[in-house]
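**Q** Just so it is clear, I am handing over work_29.pdb, which has PDB, C-alpha atoms.
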ATOM      1  CA  MET A   1      43.108  12.791  24.772
ATOM      2  CA  ASN A   2      41.618  16.210  24.150
ATOM      3  CA  PHE A   3      43.137  16.191  20.687
ATOM      4  CA  PHE A   4      41.429  12.911  19.736
ATOM      5  CA  LYS A   5      38.177  14.056  21.273
ATOM      6  CA  LYS A   6      38.283  17.299  19.290
ATOM      7  CA  VAL A   7      39.201  15.526  16.056
ATOM      8  CA  THR A   8      36.396  12.958  16.348
ATOM      9  CA  GLU A   9      33.858  15.635  17.295
ATOM     10  CA  ASP A  10      34.900  17.857  14.390
ATOM     11  CA  MET A  11      34.920  14.989  11.888
ATOM     12  CA  ASP A  12      31.650  13.491  13.163
ATOM     13  CA  ILE A  13      32.805   9.948  12.369
ATOM     14  CA  PRO A  14      29.833   7.644  11.805
ATOM     15  CA  ARG A  15      29.764   4.788  14.269
ATOM     16  CA  LEU A  16      29.021   1.233  13.286
ATOM     17  CA  SER A  17      28.668  -1.566  15.823
ATOM     18  CA  PRO A  18      29.503  -5.160  14.815
ATOM     19  CA  LYS A  19      25.808  -6.055  14.839
ATOM     20  CA  GLU A  20      24.963  -3.098  12.618
ATOM     21  CA  ALA A  21      27.753  -4.115  10.244
ATOM     22  CA  ILE A  22      26.332  -7.644   9.985
ATOM     23  CA  ILE A  23      22.856  -6.300   9.289
ATOM     24  CA  LEU A  24      24.209  -3.936   6.623
ATOM     25  CA  GLN A  25      26.123  -6.783   4.983
ATOM     26  CA  PHE A  26      22.960  -8.891   4.767
ATOM     27  CA  LEU A  27      20.858  -6.009   3.473
ATOM     28  CA  ILE A  28      23.414  -5.096   0.806
ATOM     29  CA  ALA A  29      23.701  -8.742  -0.254
ATOM     30  CA  ASN A  30      19.960  -9.523  -0.332
ATOM     31  CA  GLY A  31      18.235  -6.203  -1.001
ATOM     32  CA  GLU A  32      15.036  -5.783   1.002
ATOM     33  CA  MET A  33      14.586  -7.998   4.063
ATOM     34  CA  TYR A  34      12.211  -8.390   6.995
ATOM     35  CA  GLY A  35      13.546  -8.377  10.534
ATOM     36  CA  LEU A  36      12.648 -12.042  10.908
ATOM     37  CA  GLU A  37      14.631 -12.917   7.796
ATOM     38  CA  LEU A  38      17.669 -11.170   9.266
ATOM     39  CA  VAL A  39      17.250 -13.158  12.490
ATOM     40  CA  ASN A  40      16.951 -16.415  10.546
ATOM     41  CA  ALA A  41      20.006 -15.504   8.473
ATOM     42  CA  ALA A  42      22.243 -15.106  11.536
ATOM     43  CA  PRO A  43      20.407 -16.497  14.585
ATOM     44  CA  ASP A  44      23.513 -16.539  16.795
ATOM     45  CA  LYS A  45      24.347 -12.888  16.124
ATOM     46  CA  ILE A  46      20.994 -11.163  15.645
ATOM     47  CA  LYS A  47      18.224 -11.735  18.194
ATOM     48  CA  ARG A  48      14.544 -11.326  17.435
ATOM     49  CA  GLY A  49      14.088  -9.197  20.560
ATOM     50  CA  THR A  50      16.613  -6.574  19.564
ATOM     51  CA  VAL A  51      16.620  -6.638  15.774
ATOM     52  CA  TYR A  52      14.009  -3.883  15.392
ATOM     53  CA  VAL A  53      15.657  -1.743  18.068
ATOM     54  CA  THR A  54      18.942  -1.986  16.153
ATOM     55  CA  LEU A  55      17.221  -1.359  12.828
ATOM     56  CA  GLY A  56      15.431   1.669  14.300
ATOM     57  CA  ARG A  57      18.754   3.062  15.540
ATOM     58  CA  MET A  58      20.293   2.443  12.127
ATOM     59  CA  ALA A  59      17.359   4.215  10.450
ATOM     60  CA  ASP A  60      17.944   7.211  12.765
ATOM     61  CA  LYS A  61      21.571   7.270  11.654
ATOM     62  CA  GLY A  62      20.524   7.011   7.994
ATOM     63  CA  TYR A  63      22.108   3.610   7.336
ATOM     64  CA  VAL A  64      18.841   1.883   6.429
ATOM     65  CA  GLU A  65      15.396   2.851   5.222
ATOM     66  CA  SER A  66      12.151   0.987   5.549
ATOM     67  CA  ARG A  67       8.724   0.710   4.003
ATOM     68  CA  GLN A  68       5.562  -0.768   5.398
ATOM     69  CA  VAL A  69       3.962  -3.770   3.724
ATOM     70  CA  PRO A  70       0.247  -4.398   4.393
ATOM     71  CA  GLY A  71      -0.336  -7.377   6.657
ATOM     72  CA  ASP A  72      -1.930 -10.612   5.499
ATOM     73  CA  GLU A  73      -3.717 -13.462   7.221
ATOM     74  CA  GLY A  74      -0.463 -14.831   8.616
ATOM     75  CA  THR A  75       0.294 -11.688  10.569
ATOM     76  CA  GLY A  76      -3.291 -11.228  11.733
ATOM     77  CA  GLY A  77      -3.574  -8.031   9.707
ATOM     78  CA  LEU A  78      -0.517  -6.377  11.256
ATOM     79  CA  PRO A  79       1.668  -4.532   8.737
ATOM     80  CA  ARG A  80       5.248  -5.733   8.281
ATOM     81  CA  ARG A  81       8.312  -3.603   7.678
ATOM     82  CA  LEU A  82      10.825  -4.226   4.901
ATOM     83  CA  PHE A  83      14.312  -2.776   5.370
ATOM     84  CA  GLN A  84      16.999  -1.959   2.837
ATOM     85  CA  ALA A  85      20.424  -0.361   3.096
ATOM     86  CA  THR A  86      20.853   3.228   1.955
ATOM     87  CA  GLY A  87      23.770   4.443  -0.145
ATOM     88  CA  TYR A  88      25.161   6.208   2.920
ATOM     89  CA  GLY A  89      24.949   2.955   4.912
ATOM     90  CA  ALA A  90      26.803   1.088   2.175
ATOM     91  CA  ARG A  91      29.544   3.750   2.116
ATOM     92  CA  VAL A  92      29.907   3.657   5.912
ATOM     93  CA  LEU A  93      30.190  -0.137   5.861
ATOM     94  CA  HIS A  94      32.765   0.030   3.096
ATOM     95  CA  ALA A  95      34.772   2.645   5.025
ATOM     96  CA  TRP A  96      34.732   0.545   8.193
ATOM     97  CA  GLU A  97      35.732  -2.602   6.334
ATOM     98  CA  LEU A  98      38.587  -0.691   4.759
ATOM     99  CA  ALA A  99      39.656   0.678   8.136
ATOM    100  CA  ASP A 100      39.459  -2.807   9.663
ATOM    101  CA  SER A 101      41.625  -4.335   6.945
ATOM    102  CA  THR A 102      44.119  -1.479   7.230
ATOM    103  CA  LEU A 103      44.428  -1.930  10.984
ATOM    104  CA  ALA A 104      44.669  -5.684  10.658
ATOM    105  CA  PHE A 105      47.367  -5.792   7.994
ATOM    106  CA  GLY A 106      49.256  -2.610   8.693
ATOM    107  CA  VAL A 107      49.479   0.538   6.610
ATOM    108  CA  VAL A 108      48.209   0.189   3.060
ATOM    109  CA  PRO A 109      51.225   0.446   0.670
TER     110      PRO A 109
ATOM    111  CA  MET B 110     -37.938 -33.452  -6.320
ATOM    112  CA  THR B 111     -38.761 -33.277  -2.620
ATOM    113  CA  ARG B 112     -37.582 -30.532  -0.351
ATOM    114  CA  PRO B 113     -36.722 -30.847   3.338
ATOM    115  CA  ASN B 114     -39.241 -29.407   5.739
ATOM    116  CA  HIS B 115     -37.630 -26.069   6.610
ATOM    117  CA  ALA B 116     -39.926 -25.433   9.540
ATOM    118  CA  GLU B 117     -38.601 -28.412  11.463
ATOM    119  CA  PRO B 118     -35.350 -28.142  13.408
ATOM    120  CA  LEU B 119     -32.599 -29.918  11.507
ATOM    121  CA  ASP B 120     -31.328 -32.136  14.266
ATOM    122  CA  SER B 121     -30.879 -31.726  17.992
ATOM    123  CA  SER B 122     -27.447 -33.401  17.873
ATOM    124  CA  LEU B 123     -25.934 -30.707  15.623
ATOM    125  CA  THR B 124     -23.425 -28.231  16.970
ATOM    126  CA  ILE B 125     -24.041 -24.488  16.893
ATOM    127  CA  ARG B 126     -21.650 -24.070  13.979
ATOM    128  CA  GLN B 127     -23.366 -26.805  11.978
ATOM    129  CA  HIS B 128     -26.789 -25.316  12.722
ATOM    130  CA  THR B 129     -25.659 -21.810  11.749
ATOM    131  CA  ALA B 130     -24.037 -22.986   8.524
ATOM    132  CA  MET B 131     -27.031 -25.046   7.472
ATOM    133  CA  LYS B 132     -29.547 -22.397   8.452
ATOM    134  CA  SER B 133     -27.779 -19.708   6.457
ATOM    135  CA  THR B 134     -27.493 -22.022   3.430
ATOM    136  CA  LEU B 135     -31.172 -22.938   3.744
ATOM    137  CA  GLU B 136     -32.124 -19.294   3.788
ATOM    138  CA  GLU B 137     -29.838 -18.293   0.930
ATOM    139  CA  GLN B 138     -29.790 -21.353  -1.348
ATOM    140  CA  PRO B 139     -32.268 -24.006  -0.191
ATOM    141  CA  ASP B 140     -32.003 -26.052  -3.402
ATOM    142  CA  GLU B 141     -28.226 -26.056  -3.316
ATOM    143  CA  LEU B 142     -28.180 -27.466   0.217
ATOM    144  CA  HIS B 143     -30.722 -30.120  -0.752
ATOM    145  CA  PHE B 144     -28.742 -31.217  -3.806
ATOM    146  CA  SER B 145     -25.539 -31.270  -1.789
ATOM    147  CA  MET B 146     -27.226 -33.508   0.768
ATOM    148  CA  LEU B 147     -28.529 -35.850  -1.934
ATOM    149  CA  GLU B 148     -25.062 -36.141  -3.421
ATOM    150  CA  LEU B 149     -23.826 -37.612  -0.161
ATOM    151  CA  LEU B 150     -26.192 -40.610  -0.372
ATOM    152  CA  PRO B 151     -25.550 -43.857  -2.241
ATOM    153  CA  PRO B 152     -27.310 -43.987  -5.668
ATOM    154  CA  ASP B 153     -30.137 -46.356  -4.562
ATOM    155  CA  GLU B 154     -31.035 -44.248  -1.537
ATOM    156  CA  ARG B 155     -30.774 -41.095  -3.618
ATOM    157  CA  ARG B 156     -33.311 -42.507  -6.113
ATOM    158  CA  LEU B 157     -35.629 -43.426  -3.272
ATOM    159  CA  VAL B 158     -35.585 -39.912  -1.870
ATOM    160  CA  ALA B 159     -36.050 -38.473  -5.360
ATOM    161  CA  ARG B 160     -39.110 -40.641  -6.031
ATOM    162  CA  TYR B 161     -40.625 -39.753  -2.670
ATOM    163  CA  THR B 162     -41.796 -36.561  -4.336
ATOM    164  CA  PRO B 163     -44.603 -34.225  -3.302
ATOM    165  CA  GLY B 164     -45.538 -33.631  -6.996
ATOM    166  CA  GLU B 165     -48.970 -33.907  -8.642
ATOM    167  CA  ASN B 166     -49.325 -37.711  -8.377
ATOM    168  CA  TRP B 167     -47.358 -38.082  -5.171
ATOM    169  CA  LEU B 168     -49.765 -40.601  -3.643
ATOM    170  CA  GLN B 169     -49.677 -42.897  -6.693
ATOM    171  CA  SER B 170     -45.920 -42.509  -6.912
ATOM    172  CA  ARG B 171     -45.438 -43.499  -3.280
ATOM    173  CA  GLU B 172     -47.834 -46.426  -3.559
ATOM    174  CA  ALA B 173     -45.895 -47.651  -6.574
ATOM    175  CA  LEU B 174     -42.685 -47.279  -4.631
ATOM    176  CA  CYS B 175     -44.125 -49.242  -1.711
ATOM    177  CA  GLU B 176     -45.193 -52.068  -4.033
ATOM    178  CA  GLU B 177     -41.774 -52.102  -5.632
ATOM    179  CA  LEU B 178     -40.003 -52.317  -2.289
ATOM    180  CA  GLY B 179     -42.631 -54.582  -0.714
ATOM    181  CA  ILE B 180     -43.168 -52.347   2.307
ATOM    182  CA  SER B 181     -46.095 -50.399   3.749
ATOM    183  CA  MET B 182     -46.600 -46.650   3.342
ATOM    184  CA  LYS B 183     -45.723 -46.081   6.992
ATOM    185  CA  ALA B 184     -42.520 -48.102   6.635
ATOM    186  CA  LEU B 185     -41.581 -46.017   3.595
ATOM    187  CA  ASP B 186     -42.191 -42.860   5.563
ATOM    188  CA  VAL B 187     -39.979 -44.109   8.411
ATOM    189  CA  ARG B 188     -37.271 -45.097   5.949
ATOM    190  CA  VAL B 189     -37.271 -41.687   4.261
ATOM    191  CA  ARG B 190     -37.138 -39.904   7.624
ATOM    192  CA  HIS B 191     -34.199 -42.099   8.616
ATOM    193  CA  LEU B 192     -32.462 -41.215   5.352
ATOM    194  CA  ARG B 193     -33.099 -37.551   5.995
ATOM    195  CA  ARG B 194     -31.386 -37.805   9.386
ATOM    196  CA  ILE B 195     -28.397 -39.501   7.760
ATOM    197  CA  MET B 196     -28.263 -36.755   5.125
ATOM    198  CA  VAL B 197     -28.217 -34.093   7.811
ATOM    199  CA  GLN B 198     -25.451 -35.849   9.739
ATOM    200  CA  LEU B 199     -23.342 -36.297   6.598
ATOM    201  CA  MET B 200     -23.862 -32.649   5.709
ATOM    202  CA  ALA B 201     -22.870 -31.622   9.232
ATOM    203  CA  ARG B 202     -19.674 -33.631   8.955
ATOM    204  CA  ARG B 203     -18.912 -31.909   5.659
ATOM    205  CA  ILE B 204     -19.414 -28.504   7.328
ATOM    206  CA  ASP B 205     -16.983 -29.516  10.092
ATOM    207  CA  ASP B 206     -14.377 -30.516   7.515
ATOM    208  CA  ALA B 207     -14.783 -27.268   5.568
ATOM    209  CA  PRO B 208     -12.271 -24.481   6.165
ATOM    210  CA  ALA B 209     -13.319 -21.885   8.723
ATOM    211  CA  THR B 210     -15.254 -18.873   7.477
ATOM    212  CA  PRO B 211     -14.183 -15.345   8.568
ATOM    213  CA  SER B 212     -16.794 -15.334  11.337
ATOM    214  CA  ASP B 213     -15.486 -18.652  12.707
ATOM    215  CA  ARG B 214     -11.878 -17.501  12.689
ATOM    216  CA  ARG B 215     -10.240 -17.134  16.062
ATOM    217  CA  ALA B 216      -8.525 -13.939  17.122
ATOM    218  CA  PRO B 217      -4.849 -13.829  16.112
ATOM    219  CA  PRO B 218      -2.383 -14.766  18.873
ATOM    220  CA  LEU B 219      -1.332 -12.191  21.500
ATOM    221  CA  GLU B 220      -4.154  -9.857  20.430
ATOM    222  CA  SER B 221      -4.985  -8.641  23.951
ATOM    223  CA  LEU B 222      -1.286  -8.074  24.670
ATOM    224  CA  ARG B 223      -1.113  -6.054  21.442
ATOM    225  CA  TYR B 224      -3.931  -3.764  22.577
ATOM    226  CA  LEU B 225      -2.250  -3.315  25.961
ATOM    227  CA  LEU B 226       1.148  -2.461  24.457
ATOM    228  CA  GLN B 227      -0.398  -0.122  21.904
ATOM    229  CA  ALA B 228      -2.249   1.746  24.630
ATOM    230  CA  CYS B 229       0.677   1.943  27.086
ATOM    231  CA  PHE B 230       3.613   2.590  24.711
ATOM    232  CA  PRO B 231       2.266   4.035  21.418
ATOM    233  CA  VAL B 232       5.630   5.234  20.039
ATOM    234  CA  LEU B 233       7.548   2.143  21.109
ATOM    235  CA  TYR B 234       4.745   0.003  19.720
ATOM    236  CA  ALA B 235       4.801   1.681  16.300
ATOM    237  CA  HIS B 236       8.585   1.460  15.848
ATOM    238  CA  VAL B 237       9.603  -1.761  17.541
ATOM    239  CA  LEU B 238       6.801  -3.853  19.006
ATOM    240  CA  GLU B 239       4.438  -3.971  16.025
ATOM    241  CA  PRO B 240       6.961  -5.389  13.536
ATOM    242  CA  THR B 241       8.185  -7.827  16.206
ATOM    243  CA  LEU B 242       4.620  -8.974  16.833
ATOM    244  CA  ALA B 243       3.959  -9.286  13.084
ATOM    245  CA  ASP B 244       7.036 -11.518  12.783
ATOM    246  CA  ILE B 245       5.904 -13.671  15.700
ATOM    247  CA  ARG B 246       2.474 -14.133  14.144
ATOM    248  CA  GLN B 247       3.982 -14.942  10.766
ATOM    249  CA  GLU B 248       6.236 -17.598  12.293
ATOM    250  CA  HIS B 249       3.334 -18.937  14.363
ATOM    251  CA  SER B 250       1.013 -19.264  11.369
ATOM    252  CA  GLU B 251       3.755 -20.956   9.336
ATOM    253  CA  ALA B 252       4.289 -23.484  12.140
ATOM    254  CA  LEU B 253       0.541 -24.120  12.345
ATOM    255  CA  ALA B 254       0.314 -24.543   8.570
ATOM    256  CA  ASP B 255       3.040 -27.195   8.803
ATOM    257  CA  GLY B 256       1.056 -28.908  11.560
ATOM    258  CA  ARG B 257       3.807 -28.328  14.140
ATOM    259  CA  LEU B 258       1.744 -27.400  17.181
ATOM    260  CA  VAL B 259       4.604 -27.640  19.690
ATOM    261  CA  LYS B 260       6.741 -25.354  17.566
ATOM    262  CA  ALA B 261       3.823 -22.912  17.259
ATOM    263  CA  ARG B 262       3.532 -22.730  21.050
ATOM    264  CA  CYS B 263       7.292 -22.334  21.408
ATOM    265  CA  VAL B 264       7.150 -19.451  18.908
ATOM    266  CA  LEU B 265       4.524 -17.719  21.035
ATOM    267  CA  LEU B 266       6.513 -18.207  24.247
ATOM    268  CA  ARG B 267       9.734 -17.075  22.616
ATOM    269  CA  GLY B 268       7.820 -14.194  21.050
ATOM    270  CA  CYS B 269       6.689 -12.937  24.464
ATOM    271  CA  GLY B 270      10.335 -12.989  25.552
ATOM    272  CA  ALA B 271      11.332 -11.139  22.392
ATOM    273  CA  LEU B 272       8.691  -8.474  23.006
ATOM    274  CA  ALA B 273       9.899  -7.973  26.583
ATOM    275  CA  ALA B 274      13.533  -7.822  25.422
ATOM    276  CA  ALA B 275      12.658  -5.339  22.671
ATOM    277  CA  ALA B 276      10.763  -3.098  25.090
ATOM    278  CA  LEU B 277      13.527  -3.191  27.730
ATOM    279  CA  CYS B 278      16.256  -2.611  25.161
ATOM    280  CA  GLN B 279      14.487   0.349  23.570
ATOM    281  CA  LEU B 280      13.532   1.891  26.924
ATOM    282  CA  GLY B 281      17.091   1.431  28.225
ATOM    283  CA  LEU B 282      18.556   3.036  25.113
ATOM    284  CA  SER B 283      16.230   6.033  25.228
ATOM    285  CA  LEU B 284      16.994   6.481  28.939
ATOM    286  CA  LEU B 285      20.739   6.420  28.239
ATOM    287  CA  GLY B 286      20.225   8.878  25.393
ATOM    288  CA  ARG B 287      18.429  11.304  27.699
ATOM    289  CA  ILE B 288      21.116  11.008  30.374
ATOM    290  CA  ALA B 289      23.793  11.660  27.748
ATOM    291  CA  ALA B 290      21.908  14.702  26.433
ATOM    292  CA  LEU B 291      21.547  16.080  29.970
ATOM    293  CA  TRP B 292      25.236  15.430  30.656
ATOM    294  CA  LYS B 293      26.205  17.239  27.457
ATOM    295  CA  ALA B 294      23.995  20.206  28.268
ATOM    296  CA  ARG B 295      25.458  20.584  31.773
ATOM    297  CA  SER B 296      29.129  20.010  30.962
ATOM    298  CA  PRO B 297      31.186  23.242  30.486
ATOM    299  CA  LYS B 298      32.309  23.976  26.897
TER     300      LYS B 298
END
Could you write out this file's structure as structure tokens?
**A**
Amino acid sequence: MNFFKKVTEDMDIPRLSPKEAIILQFLIANGEMYGLELVNAAPDKIKRGTVYVTLGRMADKGYVESRQVPGDEGTGGLPRRLFQATGYGARVLHAWELADSTLAFGVVP
Amino acid sequence: MTRPNHAEPLDSSLTIRQHTAMKSTLEEQPDELHFSMLELLPPDERRLVARYTPGENWLQSREALCEELGISMKALDVRVRHLRRIMVQLMARRIDDAPATPSDRRAPPLESLRYLLQACFPVLYAHVLEPTLADIRQEHSEALADGRLVKARCVLLRGCGALAAAALCQLGLSLLGRIAALWKARSPK
């Protein structure tokens, strides 16, 4: 147990929750997206109440970056935030997908 | 061409919005309002109002008009006043149908809640609540534009739930983060 703890602490393995992985997949596929668009893309997996909390956590980890878009009449003047995946986020997702497939189908030949 | 008497009140049956709109147009472009009103009348009535002019030979012109129509001067006066009232009512209806000006626009939804959240949780508001609120408003305005009032109300209700969930989730996460940091700091290396 101590061995695994030490290894993971030393390696500083980036963590990726299933929800974060879904968000990264959408962002990589579609480029820049609003939080609402992500919710509409996968309403059963991403909730409008937690999407910005998750995106904020992902931005802290460096998986996504955002830019503010000035608000229009529809938003009552409130600015909106557009998110896109970073290169680091894409690499983390790729690594996790690779690890998943390796664990699912056994050791890669 | 005759002009409406600007000193008189337009009509007691007009709403405040209609009065304000007409008054401002009268002050800024009196001729434009008059022509717009004339355009609303049928051609015959429009000609009658046009010939009821206060020009140089106004008396002769009106007498000729009375002879043509076979009515007395007083009857002509009554008829023109009646037409003027109709013009005002038609104009008022047009103002009601016109899209709202910026001063008429209502405050965007959940505005007071926004002020409250911004004052109580400034950091949380900037990172999580503001974009959530912007999304809610966007969805709400889209539903209103489609004429789906029930959906617009549902969006607002669901939006309040989403705001509460976002606040609780973020607060819970930051609390857990602090506990973890404290735990790490106290645990022996």
**Q** Report, in Å to a single decimal, how far apart atom CA of B:Gly281 and atom CA of B:Arg295 are.
**A**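 Spanning atom CA of B:Arg295 to atom CA of B:Gly281 is a straight-line distance of 21.2 Å.
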**Q** If we count all atoms listed in the file, which residues of chain B reach to within 12 Å of chain A? Please list them as a PyMOL selection string.
**A** chain B and resi 211+214-220+223+232-254+264+267-283+286+298
**Q** Rounded to one decimal, what separation in Å do you get between atom CA of A:Arg91 and atom CA of A:Asn40?
**A**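 Going from atom CA of A:Arg91 over to atom CA of A:Asn40, I get 25.2 Å.
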**Q** Which residues match the PyMOL selection byres ((chain A and resi 12-23) around 10) in the file above, as a PDB file with C-alpha atoms, in the frame of the given file?
**A**
ATOM      1  CA  LYS A   6      38.283  17.299  19.290  1.00  0.00           C
ATOM      2  CA  VAL A   7      39.201  15.526  16.056  1.00  0.00           C
ATOM      3  CA  THR A   8      36.396  12.958  16.348  1.00  0.00           C
ATOM      4  CA  GLU A   9      33.858  15.635  17.295  1.00  0.00           C
ATOM      5  CA  ASP A  10      34.900  17.857  14.390  1.00  0.00           C
ATOM      6  CA  MET A  11      34.920  14.989  11.888  1.00  0.00           C
ATOM      7  CA  LEU A  24      24.209  -3.936   6.623  1.00  0.00           C
ATOM      8  CA  GLN A  25      26.123  -6.783   4.983  1.00  0.00           C
ATOM      9  CA  PHE A  26      22.960  -8.891   4.767  1.00  0.00           C
ATOM     10  CA  LEU A  27      20.858  -6.009   3.473  1.00  0.00           C
ATOM     11  CA  ILE A  28      23.414  -5.096   0.806  1.00  0.00           C
ATOM     12  CA  ALA A  29      23.701  -8.742  -0.254  1.00  0.00           C
ATOM     13  CA  MET A  33      14.586  -7.998   4.063  1.00  0.00           C
ATOM     14  CA  GLY A  35      13.546  -8.377  10.534  1.00  0.00           C
ATOM     15  CA  LEU A  38      17.669 -11.170   9.266  1.00  0.00           C
ATOM     16  CA  VAL A  39      17.250 -13.158  12.490  1.00  0.00           C
ATOM     17  CA  ALA A  41      20.006 -15.504   8.473  1.00  0.00           C
ATOM     18  CA  ALA A  42      22.243 -15.106  11.536  1.00  0.00           C
ATOM     19  CA  LYS A  45      24.347 -12.888  16.124  1.00  0.00           C
ATOM     20  CA  ILE A  46      20.994 -11.163  15.645  1.00  0.00           C
ATOM     21  CA  VAL A  51      16.620  -6.638  15.774  1.00  0.00           C
ATOM     22  CA  THR A  54      18.942  -1.986  16.153  1.00  0.00           C
ATOM     23  CA  LEU A  55      17.221  -1.359  12.828  1.00  0.00           C
ATOM     24  CA  ARG A  57      18.754   3.062  15.540  1.00  0.00           C
ATOM     25  CA  MET A  58      20.293   2.443  12.127  1.00  0.00           C
ATOM     26  CA  LYS A  61      21.571   7.270  11.654  1.00  0.00           C
ATOM     27  CA  TYR A  63      22.108   3.610   7.336  1.00  0.00           C
ATOM     28  CA  VAL A  64      18.841   1.883   6.429  1.00  0.00           C
ATOM     29  CA  GLN A  84      16.999  -1.959   2.837  1.00  0.00           C
ATOM     30  CA  ALA A  85      20.424  -0.361   3.096  1.00  0.00           C
ATOM     31  CA  GLY A  89      24.949   2.955   4.912  1.00  0.00           C
ATOM     32  CA  ALA A  90      26.803   1.088   2.175  1.00  0.00           C
ATOM     33  CA  VAL A  92      29.907   3.657   5.912  1.00  0.00           C
ATOM     34  CA  LEU A  93      30.190  -0.137   5.861  1.00  0.00           C
ATOM     35  CA  HIS A  94      32.765   0.030   3.096  1.00  0.00           C
ATOM     36  CA  ALA A  95      34.772   2.645   5.025  1.00  0.00           C
ATOM     37  CA  TRP A  96      34.732   0.545   8.193  1.00  0.00           C
ATOM     38  CA  GLU A  97      35.732  -2.602   6.334  1.00  0.00           C
TER      39      GLU A  97
END
**Q** Using the chain letters and numbers from the file, give me the residues hit by the PyMOL selection byres ((chain B and resi 171-188) around 12), as a PyMOL selection string.
**A** chain B and resi 153-154+156-170+189-195
